[in-house]
Amino acid sequence: MSEPLLQVSGIGKRFGGLQALSDVSLSAGAGEIVGLIGPNGAGKTTLFSTLVGLHKPDSGTIRLGGRDLVGYKPHKIAAAGMVKTFQNVALFLDSSVLDNVLTGGLMRHGVQEARELARTCLERVGIGAIAGKLARDLSFPERARVEVARALCTQPRILLLDEAMAALNQSEMDEFMALLRQLREEGLTLIIVEHHMRAIMSLCQRLVVLNFGQLIATGTPAEIARDPAVIEAYLGRSAA
Ligand SMILES: Nc1ncnc2c1ncn2[C@@H]1O[C@H](COP(=O)(O)OP(=O)(O)O)[C@@H](O)[C@H]1O
Ligand SMILES: [Mg+2]
């Protein structure tokens, strides 16, 4: 069997006295949407940051397309095809949407080409019409899409979304989920951290569950929903 697009094995990460990640392994196949869930503080953001090179893991391997990425800087990992959006959206508020998005393209292209690419990415996420709007004037759903467009502008193979739907209401979330499905159909691989179980259950082919930095379960949404360890650590609490 050929190796999945992303293969992560045995990741450990310690912050001083805190073992934030212990022996975490996961994979994502091309065109898959994988959900990463777990209580606050479980290590989800730390895992994403480690995958994209913002933290160097103390142990483990991260292979993308068969290539080992541990020790590479974020821009190298982005160039290899893996980027993440940030949990708390960090746009340049006094710049236009187009200028925010084109920064993602500067890694591979000059300004003029990056601008063209940025327009394409804005169209792709359904917000071509707001290219000239200032980032500070955006609604939450617009912001979420601008973040995705900026990430797409790096031309990734795999996109890591960290609570991208946190500020959205039900109908905005449904529209955002339709966008994620569309991106998947276009061939993108996604790993999403999300607290909304309805979104996770309907979007993801496979779920990975973290608790106190350890992987406690992996399986289909249906398998995870009836896993006693997951119910104890996470689902039971949110359902209560
Ligand atoms: N840069 C850091 N330095 C020290 N501790 C951190 C750092 N980043 C995260 N942590 C700690 O690591 C644990 C996991 O945090 P995080 O990855 O943000 O969890 P999650 O995203 O699942 O809510 C938490 O206890 C958090 O306080
Ligand atoms: Mg987090």
# chains A, B, ... in the order shown; residues from 1 in each chain; ligands from 1

$ residues_near_ligand --ligand "ligand 2" --cutoff "7 Å" --atoms "only C-alpha atoms and all ligand atoms" --output "list in words"
Asn40, Gly41, Gly43, Lys44, Thr45, Gln87 and Asp162 of chain A

$ residues_near_ligand --ligand "ligand 1" --cutoff "10 Å" --atoms "only C-alpha atoms and all ligand atoms" --output "ChimeraX atom specification"
/A:13-21,36-50,54-55,87,162-163,193-194,210-213

$ write_last_selection --atoms "N, CA, C and O atoms" --output "tab-separated table (two decimals), in the first residue's frame"
chain	number	residue	atom	x	y	z
A	13	LYS	N	5.95	16.65	22.34
A	13	LYS	CA	6.31	18.06	22.50
A	13	LYS	C	6.11	18.48	23.94
A	13	LYS	O	5.01	18.32	24.50
A	14	ARG	N	7.16	18.98	24.56
A	14	ARG	CA	7.11	19.40	25.95
A	14	ARG	C	7.32	20.91	26.03
A	14	ARG	O	8.16	21.46	25.32
A	15	PHE	N	6.51	21.58	26.85
A	15	PHE	CA	6.74	23.00	27.17
A	15	PHE	C	7.14	23.05	28.65
A	15	PHE	O	6.26	22.92	29.50
A	16	GLY	N	8.41	23.22	28.96
A	16	GLY	CA	8.84	23.20	30.35
A	16	GLY	C	8.38	21.92	31.02
A	16	GLY	O	8.70	20.82	30.57
A	17	GLY	N	7.57	22.03	32.09
A	17	GLY	CA	7.11	20.85	32.80
A	17	GLY	C	5.87	20.19	32.21
A	17	GLY	O	5.39	19.19	32.71
A	18	LEU	N	5.35	20.77	31.12
A	18	LEU	CA	4.09	20.26	30.57
A	18	LEU	C	4.34	19.41	29.32
A	18	LEU	O	4.90	19.89	28.34
A	19	GLN	N	3.90	18.15	29.37
A	19	GLN	CA	4.00	17.30	28.18
A	19	GLN	C	2.76	17.58	27.32
A	19	GLN	O	1.70	17.02	27.56
A	20	ALA	N	2.89	18.49	26.36
A	20	ALA	CA	1.73	18.93	25.57
A	20	ALA	C	1.30	17.87	24.57
A	20	ALA	O	0.11	17.76	24.25
A	21	LEU	N	2.24	17.11	24.03
A	21	LEU	CA	1.93	16.02	23.10
A	21	LEU	C	2.80	14.82	23.46
A	21	LEU	O	3.99	14.97	23.70
A	36	LEU	N	-9.91	16.57	13.94
A	36	LEU	CA	-9.09	16.44	15.16
A	36	LEU	C	-9.88	17.07	16.29
A	36	LEU	O	-10.17	18.28	16.25
A	37	ILE	N	-10.30	16.26	17.26
A	37	ILE	CA	-11.14	16.77	18.34
A	37	ILE	C	-10.53	16.46	19.70
A	37	ILE	O	-9.60	15.64	19.80
A	38	GLY	N	-11.08	17.09	20.73
A	38	GLY	CA	-10.62	16.87	22.10
A	38	GLY	C	-10.89	18.11	22.92
A	38	GLY	O	-11.09	19.19	22.37
A	39	PRO	N	-10.89	17.96	24.25
A	39	PRO	CA	-11.21	19.09	25.13
A	39	PRO	C	-10.22	20.24	24.98
A	39	PRO	O	-9.12	20.05	24.46
A	40	ASN	N	-10.58	21.41	25.49
A	40	ASN	CA	-9.65	22.54	25.52
A	40	ASN	C	-8.38	22.14	26.24
A	40	ASN	O	-8.43	21.48	27.28
A	41	GLY	N	-7.25	22.52	25.67
A	41	GLY	CA	-5.97	22.19	26.29
A	41	GLY	C	-5.45	20.82	25.94
A	41	GLY	O	-4.40	20.40	26.44
A	42	ALA	N	-6.15	20.10	25.08
A	42	ALA	CA	-5.75	18.73	24.74
A	42	ALA	C	-4.47	18.68	23.89
A	42	ALA	O	-3.80	17.65	23.85
A	43	GLY	N	-4.16	19.79	23.21
A	43	GLY	CA	-2.96	19.81	22.39
A	43	GLY	C	-3.22	19.93	20.90
A	43	GLY	O	-2.29	19.80	20.09
A	44	LYS	N	-4.45	20.24	20.52
A	44	LYS	CA	-4.81	20.29	19.09
A	44	LYS	C	-4.04	21.40	18.36
A	44	LYS	O	-3.44	21.15	17.31
A	45	THR	N	-4.07	22.60	18.93
A	45	THR	CA	-3.36	23.70	18.28
A	45	THR	C	-1.85	23.45	18.29
A	45	THR	O	-1.15	23.73	17.30
A	46	THR	N	-1.36	22.90	19.38
A	46	THR	CA	0.08	22.58	19.46
A	46	THR	C	0.46	21.57	18.38
A	46	THR	O	1.52	21.70	17.74
A	47	LEU	N	-0.40	20.59	18.15
A	47	LEU	CA	-0.10	19.61	17.10
A	47	LEU	C	-0.06	20.29	15.74
A	47	LEU	O	0.87	20.08	14.94
A	48	PHE	N	-1.05	21.13	15.45
A	48	PHE	CA	-1.05	21.85	14.17
A	48	PHE	C	0.21	22.71	14.03
A	48	PHE	O	0.85	22.72	12.97
A	49	SER	N	0.54	23.44	15.12
A	49	SER	CA	1.72	24.31	15.05
A	49	SER	C	2.99	23.50	14.82
A	49	SER	O	3.91	23.95	14.13
A	50	THR	N	3.02	22.31	15.40
A	50	THR	CA	4.19	21.45	15.21
A	50	THR	C	4.25	20.93	13.77
A	50	THR	O	5.31	20.91	13.15
A	54	LEU	N	6.03	25.59	13.35
A	54	LEU	CA	6.10	26.69	14.33
A	54	LEU	C	6.71	26.20	15.64
A	54	LEU	O	7.28	26.99	16.39
A	55	HIS	N	6.54	24.91	15.94
A	55	HIS	CA	7.25	24.27	17.06
A	55	HIS	C	8.04	23.12	16.49
A	55	HIS	O	7.58	22.44	15.57
A	87	GLN	N	-6.10	30.01	14.92
A	87	GLN	CA	-7.32	29.90	15.72
A	87	GLN	C	-7.93	31.29	15.92
A	87	GLN	O	-9.13	31.46	15.79
A	162	ASP	N	-7.93	25.52	12.06
A	162	ASP	CA	-8.05	25.51	13.52
A	162	ASP	C	-9.25	26.35	13.95
A	162	ASP	O	-9.17	27.57	14.04
A	163	GLU	N	-10.35	25.69	14.23
A	163	GLU	CA	-11.58	26.34	14.69
A	163	GLU	C	-12.02	27.49	13.78
A	163	GLU	O	-12.39	28.57	14.24
A	193	VAL	N	-9.83	21.15	13.10
A	193	VAL	CA	-10.12	21.17	14.53
A	193	VAL	C	-11.41	21.94	14.69
A	193	VAL	O	-11.54	23.06	14.17
A	194	GLU	N	-12.37	21.34	15.36
A	194	GLU	CA	-13.68	21.97	15.44
A	194	GLU	C	-14.41	21.45	16.67
A	194	GLU	O	-14.33	20.27	16.98
A	210	LEU	N	-7.77	13.66	20.74
A	210	LEU	CA	-6.67	13.93	21.67
A	210	LEU	C	-7.24	14.25	23.04
A	210	LEU	O	-8.28	14.90	23.16
A	211	ASN	N	-6.54	13.80	24.09
A	211	ASN	CA	-6.89	14.17	25.45
A	211	ASN	C	-5.59	14.25	26.25
A	211	ASN	O	-4.79	13.31	26.23
A	212	PHE	N	-5.34	15.39	26.91
A	212	PHE	CA	-4.08	15.60	27.62
A	212	PHE	C	-2.87	15.21	26.76
A	212	PHE	O	-1.96	14.53	27.24
A	213	GLY	N	-2.89	15.60	25.51
A	213	GLY	CA	-1.73	15.39	24.65
A	213	GLY	C	-1.56	13.99	24.11
A	213	GLY	O	-0.59	13.70	23.41

$ closest_residue --among "A:Met173, A:Val24, A:Leu106, A:Met82" --to "Thr189 (chain A)" --atoms "only C-alpha atoms"
A:Met82

$ residues_around --residues "region 145-151 of chain A" --least-positions-apart "5" --cutoff "9 Å" --atoms "only C-alpha atoms" --output "PyMOL selection string"
chain A and resi 83-86+89-91+97-98+100-105+118+120-127+135+140+156+159+161+164+176+179

$ write_last_selection --atoms "C-alpha atoms" --output "PDB file, in the first residue's frame"
ATOM      1  CA  VAL A  83      -0.297  25.277   5.880  1.00  0.00           C
ATOM      2  CA  LYS A  84      -2.623  26.095   8.743  1.00  0.00           C
ATOM      3  CA  THR A  85      -5.066  28.869   9.471  1.00  0.00           C
ATOM      4  CA  PHE A  86      -4.862  30.475  12.886  1.00  0.00           C
ATOM      5  CA  VAL A  89      -7.764  35.194  12.924  1.00  0.00           C
ATOM      6  CA  ALA A  90      -4.746  37.425  12.324  1.00  0.00           C
ATOM      7  CA  LEU A  91      -5.431  39.548   9.268  1.00  0.00           C
ATOM      8  CA  VAL A  97      -8.902  41.627   1.456  1.00  0.00           C
ATOM      9  CA  LEU A  98      -6.947  41.229  -1.782  1.00  0.00           C
ATOM     10  CA  ASN A 100      -4.219  40.082   2.791  1.00  0.00           C
ATOM     11  CA  VAL A 101      -4.783  37.119   0.531  1.00  0.00           C
ATOM     12  CA  LEU A 102      -1.952  37.846  -1.887  1.00  0.00           C
ATOM     13  CA  THR A 103       0.603  37.594   0.952  1.00  0.00           C
ATOM     14  CA  GLY A 104      -0.038  33.857   0.795  1.00  0.00           C
ATOM     15  CA  GLY A 105       1.106  33.824  -2.834  1.00  0.00           C
ATOM     16  CA  ALA A 118      -5.289  35.921  -4.938  1.00  0.00           C
ATOM     17  CA  THR A 120      -8.631  33.330  -8.241  1.00  0.00           C
ATOM     18  CA  CYS A 121      -8.542  32.131  -4.618  1.00  0.00           C
ATOM     19  CA  LEU A 122     -11.139  34.718  -3.568  1.00  0.00           C
ATOM     20  CA  GLU A 123     -13.416  33.523  -6.392  1.00  0.00           C
ATOM     21  CA  ARG A 124     -12.805  29.944  -5.343  1.00  0.00           C
ATOM     22  CA  VAL A 125     -14.085  30.624  -1.812  1.00  0.00           C
ATOM     23  CA  GLY A 126     -17.012  32.692  -3.091  1.00  0.00           C
ATOM     24  CA  ILE A 127     -15.918  36.209  -2.058  1.00  0.00           C
ATOM     25  CA  ALA A 135     -10.134  43.543   6.500  1.00  0.00           C
ATOM     26  CA  PHE A 140     -17.231  36.785  10.669  1.00  0.00           C
ATOM     27  CA  PRO A 156      -1.302  23.728  -0.495  1.00  0.00           C
ATOM     28  CA  LEU A 159      -4.808  22.567   4.766  1.00  0.00           C
ATOM     29  CA  LEU A 161      -8.112  24.552   9.835  1.00  0.00           C
ATOM     30  CA  ALA A 164     -12.346  28.255  11.513  1.00  0.00           C
ATOM     31  CA  PHE A 176     -18.787  27.179   5.202  1.00  0.00           C
ATOM     32  CA  LEU A 179     -17.133  25.303   0.845  1.00  0.00           C
TER      33      LEU A 179
END

$ atom_distance --atom1 "CA of Gly132 (chain A)" --atom2 "CA of Ile158 (chain A)"
27.6 Å

$ decode --residues "region 162-181 of chain A" --atoms "N, CA, C and O atoms" --output "PDB file, in the first residue's frame"
ATOM      1  N   ASP A 162      -7.928  25.516  12.059  1.00  0.00           N
ATOM      2  CA  ASP A 162      -8.046  25.512  13.519  1.00  0.00           C
ATOM      3  C   ASP A 162      -9.246  26.351  13.953  1.00  0.00           C
ATOM      4  O   ASP A 162      -9.166  27.569  14.039  1.00  0.00           O
ATOM      5  N   GLU A 163     -10.351  25.692  14.232  1.00  0.00           N
ATOM      6  CA  GLU A 163     -11.583  26.338  14.688  1.00  0.00           C
ATOM      7  C   GLU A 163     -12.017  27.489  13.778  1.00  0.00           C
ATOM      8  O   GLU A 163     -12.392  28.568  14.242  1.00  0.00           O
ATOM      9  N   ALA A 164     -12.001  27.232  12.502  1.00  0.00           N
ATOM     10  CA  ALA A 164     -12.346  28.255  11.513  1.00  0.00           C
ATOM     11  C   ALA A 164     -13.816  28.664  11.598  1.00  0.00           C
ATOM     12  O   ALA A 164     -14.188  29.744  11.156  1.00  0.00           O
ATOM     13  N   MET A 165     -14.654  27.800  12.175  1.00  0.00           N
ATOM     14  CA  MET A 165     -16.097  28.081  12.214  1.00  0.00           C
ATOM     15  C   MET A 165     -16.555  28.611  13.565  1.00  0.00           C
ATOM     16  O   MET A 165     -17.761  28.782  13.794  1.00  0.00           O
ATOM     17  N   ALA A 166     -15.599  28.912  14.454  1.00  0.00           N
ATOM     18  CA  ALA A 166     -15.938  29.237  15.851  1.00  0.00           C
ATOM     19  C   ALA A 166     -16.944  30.381  15.971  1.00  0.00           C
ATOM     20  O   ALA A 166     -17.824  30.343  16.819  1.00  0.00           O
ATOM     21  N   ALA A 167     -16.825  31.403  15.118  1.00  0.00           N
ATOM     22  CA  ALA A 167     -17.678  32.588  15.288  1.00  0.00           C
ATOM     23  C   ALA A 167     -18.943  32.543  14.425  1.00  0.00           C
ATOM     24  O   ALA A 167     -19.684  33.515  14.383  1.00  0.00           O
ATOM     25  N   LEU A 168     -19.188  31.416  13.760  1.00  0.00           N
ATOM     26  CA  LEU A 168     -20.294  31.372  12.794  1.00  0.00           C
ATOM     27  C   LEU A 168     -21.580  30.826  13.419  1.00  0.00           C
ATOM     28  O   LEU A 168     -21.539  29.949  14.280  1.00  0.00           O
ATOM     29  N   ASN A 169     -22.722  31.339  12.943  1.00  0.00           N
ATOM     30  CA  ASN A 169     -23.997  30.774  13.389  1.00  0.00           C
ATOM     31  C   ASN A 169     -24.335  29.552  12.524  1.00  0.00           C
ATOM     32  O   ASN A 169     -23.582  29.197  11.617  1.00  0.00           O
ATOM     33  N   GLN A 170     -25.464  28.913  12.813  1.00  0.00           N
ATOM     34  CA  GLN A 170     -25.798  27.646  12.143  1.00  0.00           C
ATOM     35  C   GLN A 170     -25.773  27.745  10.622  1.00  0.00           C
ATOM     36  O   GLN A 170     -25.147  26.933   9.942  1.00  0.00           O
ATOM     37  N   SER A 171     -26.460  28.744  10.078  1.00  0.00           N
ATOM     38  CA  SER A 171     -26.577  28.784   8.617  1.00  0.00           C
ATOM     39  C   SER A 171     -25.248  29.193   7.981  1.00  0.00           C
ATOM     40  O   SER A 171     -24.868  28.688   6.926  1.00  0.00           O
ATOM     41  N   GLU A 172     -24.497  30.073   8.659  1.00  0.00           N
ATOM     42  CA  GLU A 172     -23.165  30.436   8.157  1.00  0.00           C
ATOM     43  C   GLU A 172     -22.251  29.217   8.167  1.00  0.00           C
ATOM     44  O   GLU A 172     -21.427  29.020   7.263  1.00  0.00           O
ATOM     45  N   MET A 173     -22.411  28.400   9.208  1.00  0.00           N
ATOM     46  CA  MET A 173     -21.605  27.190   9.315  1.00  0.00           C
ATOM     47  C   MET A 173     -21.938  26.220   8.175  1.00  0.00           C
ATOM     48  O   MET A 173     -21.042  25.634   7.568  1.00  0.00           O
ATOM     49  N   ASP A 174     -23.214  26.076   7.867  1.00  0.00           N
ATOM     50  CA  ASP A 174     -23.617  25.189   6.768  1.00  0.00           C
ATOM     51  C   ASP A 174     -22.987  25.643   5.453  1.00  0.00           C
ATOM     52  O   ASP A 174     -22.505  24.825   4.665  1.00  0.00           O
ATOM     53  N   GLU A 175     -22.972  26.950   5.237  1.00  0.00           N
ATOM     54  CA  GLU A 175     -22.378  27.464   3.996  1.00  0.00           C
ATOM     55  C   GLU A 175     -20.870  27.230   3.972  1.00  0.00           C
ATOM     56  O   GLU A 175     -20.298  26.875   2.939  1.00  0.00           O
ATOM     57  N   PHE A 176     -20.235  27.401   5.121  1.00  0.00           N
ATOM     58  CA  PHE A 176     -18.787  27.179   5.202  1.00  0.00           C
ATOM     59  C   PHE A 176     -18.461  25.698   4.983  1.00  0.00           C
ATOM     60  O   PHE A 176     -17.484  25.350   4.315  1.00  0.00           O
ATOM     61  N   MET A 177     -19.307  24.833   5.534  1.00  0.00           N
ATOM     62  CA  MET A 177     -19.094  23.390   5.343  1.00  0.00           C
ATOM     63  C   MET A 177     -19.218  23.015   3.865  1.00  0.00           C
ATOM     64  O   MET A 177     -18.483  22.156   3.367  1.00  0.00           O
ATOM     65  N   ALA A 178     -20.164  23.657   3.170  1.00  0.00           N
ATOM     66  CA  ALA A 178     -20.302  23.385   1.729  1.00  0.00           C
ATOM     67  C   ALA A 178     -19.022  23.785   0.996  1.00  0.00           C
ATOM     68  O   ALA A 178     -18.575  23.086   0.073  1.00  0.00           O
ATOM     69  N   LEU A 179     -18.412  24.890   1.433  1.00  0.00           N
ATOM     70  CA  LEU A 179     -17.133  25.303   0.845  1.00  0.00           C
ATOM     71  C   LEU A 179     -16.054  24.239   1.086  1.00  0.00           C
ATOM     72  O   LEU A 179     -15.307  23.878   0.166  1.00  0.00           O
ATOM     73  N   LEU A 180     -15.988  23.723   2.303  1.00  0.00           N
ATOM     74  CA  LEU A 180     -14.957  22.722   2.608  1.00  0.00           C
ATOM     75  C   LEU A 180     -15.155  21.454   1.762  1.00  0.00           C
ATOM     76  O   LEU A 180     -14.189  20.867   1.268  1.00  0.00           O
ATOM     77  N   ARG A 181     -16.420  21.077   1.580  1.00  0.00           N
ATOM     78  CA  ARG A 181     -16.693  19.901   0.732  1.00  0.00           C
ATOM     79  C   ARG A 181     -16.263  20.153  -0.701  1.00  0.00           C
ATOM     80  O   ARG A 181     -15.716  19.273  -1.367  1.00  0.00           O
TER      81      ARG A 181
END
